[in-house]
Amino acid sequence: MARGNFGERLKREREMREVSMDELTKATRISARFVEALENEDWGRLPGGIFGHGFVRTIARYLGLNEESLLGEYDLARAEHLAAAPPKPEERIPPPPKWLPVLAVFIVLFLLAGIFYAGRYGWRRYAAYRATKKSAAASLSVQPQPQLASTSQRSPEQSSSAAPLDLSVSTSAATRVRILADNKLLLDAELPARETRHFSANQQFEVTAGDSSAVLLELNGRAMPPLGAPGASGTMVLSQKDLRP
């Protein structure tokens with residue numbers, strides 16, 4: 001590091017008095033590296049503050065120099081060094097990326113769209129459920145009217161004694177069953193084993209099973225004969241006449 005006036009003068013005064021570096025450090029008890037730092041104006045190696053002033057006073061006293069004058073030159077040289085030192089760059093927090101707000105807006109819009117479509121899907125499912133429930137309630141409340149031809153053929157005694165038909169369908173094995181009550185389809189599905197269903201009608205039932213031996217029929221509590229041969233499909237029509245002794 002280039003030396004200024006203070007360091008050059010300090011070294012020149014020491015050499016003019018023929019004082020070696022070893023002699024000066026032993027006499028003042030100041031480390032040689034600090035003396036060299038003063039003569040080279042290597043301020044980064046010096047402690048500064050009262051320690052730097054103490055070093056300068058001790059050396060000036062030993063060399064017979066004016067302490068205050070040498071201290072003034074020391075302070076001036078050190079102040080010039082501090083003024084010339086470049087300021088530390090200001091550490092600034094880097095701004096967030098420009099795409100970050102765009103991404104945030106996109107995420108918010110995506111969430112809002114998801115909530116909207118989920119709500120619309122839920123509402124459609126609920127409306128379909130309500131419509132199905134109302135349709136089933138309406139179909140159960142409307143009872144089919146007896147056919148005029150059948151009524152005309154019955155005697156008054158038969159009409160007064162006829163009771164609604166109750167059909168119990170039980171399965172011993174899984175099979176497909178189709179039930180028509182008064183020509184209205186009530187069931188057409190695969191029933192599992194050990195399943196029991198009950199149906200009502202005014203006139204008649206038409207029962208079809210994929211496996212005749214897997215279905216047991218009871219009409220108003222009375223067991224009915226098998227629909228057909230075991231392992232084969234069969235169809236049977238049940239009415240009031242099947243309840244007669």
# chains A, B, ... in the order shown; residues from 1 in each chain; ligands from 1

call {"tool": "residues_around", "arguments": {"residues": "segment 228-239 of chain A", "least_positions_apart": "5", "cutoff": "8 Å", "atoms": "only C-alpha atoms", "output": "PyMOL selection string"}}
result
chain A and resi 165+203-214+219

call {"tool": "write_last_selection", "arguments": {"atoms": "N, CA and C atoms", "output": "JSON list (two decimals), in the first residue's frame"}}
result
[["chain", "number", "residue", "atom", "x", "y", "z"],
["A", 165, "LEU", "N", -103.61, -57.64, -3.83],
["A", 165, "LEU", "CA", -102.63, -58.72, -3.90],
["A", 165, "LEU", "C", -101.30, -58.26, -3.32],
["A", 203, "GLN", "N", -104.87, -56.33, -9.56],
["A", 203, "GLN", "CA", -105.40, -57.37, -10.45],
["A", 203, "GLN", "C", -104.49, -58.58, -10.56],
["A", 204, "GLN", "N", -103.22, -58.33, -10.94],
["A", 204, "GLN", "CA", -102.36, -59.47, -11.21],
["A", 204, "GLN", "C", -100.90, -59.07, -11.18],
["A", 205, "PHE", "N", -100.04, -60.11, -11.09],
["A", 205, "PHE", "CA", -98.58, -59.97, -11.19],
["A", 205, "PHE", "C", -98.10, -60.83, -12.34],
["A", 206, "GLU", "N", -97.08, -60.36, -13.01],
["A", 206, "GLU", "CA", -96.37, -61.18, -13.99],
["A", 206, "GLU", "C", -94.92, -61.24, -13.54],
["A", 207, "VAL", "N", -94.45, -62.44, -13.18],
["A", 207, "VAL", "CA", -93.12, -62.62, -12.61],
["A", 207, "VAL", "C", -92.27, -63.43, -13.58],
["A", 208, "THR", "N", -91.05, -62.94, -13.86],
["A", 208, "THR", "CA", -90.10, -63.62, -14.72],
["A", 208, "THR", "C", -88.77, -63.71, -13.98],
["A", 209, "ALA", "N", -88.13, -64.89, -13.98],
["A", 209, "ALA", "CA", -86.85, -65.08, -13.30],
["A", 209, "ALA", "C", -85.89, -65.79, -14.24],
["A", 210, "GLY", "N", -84.61, -65.41, -14.15],
["A", 210, "GLY", "CA", -83.60, -66.07, -14.97],
["A", 210, "GLY", "C", -83.34, -67.50, -14.53],
["A", 211, "ASP", "N", -83.43, -67.75, -13.23],
["A", 211, "ASP", "CA", -83.27, -69.11, -12.68],
["A", 211, "ASP", "C", -84.51, -69.40, -11.86],
["A", 212, "SER", "N", -85.40, -70.23, -12.38],
["A", 212, "SER", "CA", -86.69, -70.48, -11.72],
["A", 212, "SER", "C", -86.52, -71.08, -10.34],
["A", 213, "SER", "N", -85.50, -71.95, -10.18],
["A", 213, "SER", "CA", -85.33, -72.63, -8.89],
["A", 213, "SER", "C", -84.77, -71.72, -7.82],
["A", 214, "ALA", "N", -84.28, -70.54, -8.19],
["A", 214, "ALA", "CA", -83.69, -69.62, -7.21],
["A", 214, "ALA", "C", -84.70, -68.65, -6.64],
["A", 219, "LEU", "N", -97.98, -65.44, -2.49],
["A", 219, "LEU", "CA", -99.04, -64.49, -2.83],
["A", 219, "LEU", "C", -100.00, -64.43, -1.65]]

call {"tool": "closest_residue", "arguments": {"among": "A:Arg197, A:Tyr129, A:Asn183, A:Gly7", "to": "Leu71 of chain A", "atoms": "only C-alpha atoms"}}
result
A:Gly7

call {"tool": "closest_residue", "arguments": {"among": "A:Thr196, A:Asn5, A:Asn220, A:Thr28", "to": "Thr58 of chain A", "atoms": "only C-alpha atoms"}}
result
A:Thr28

call {"tool": "atom_distance", "arguments": {"atom1": "atom CA of Pro164 of chain A", "atom2": "atom CA of Ala223 of chain A"}}
result
16.6 Å

call {"tool": "residues_around", "arguments": {"residues": "segment 38-48 of chain A", "least_positions_apart": "3", "cutoff": "12 Å", "atoms": "only C-alpha atoms", "output": "PyMOL selection string"}}
result
chain A and resi 1-15+21+30-35+51-56+59+70-71+73-82+85

call {"tool": "select_by_dssp", "arguments": {"residues": "segment 26-228 of chain A", "states": "alpha helix (DSSP H)", "output": "PyMOL selection string"}}
result
chain A and resi 26-28+32-39+49-63+67-84+99-141+148-153+156-161
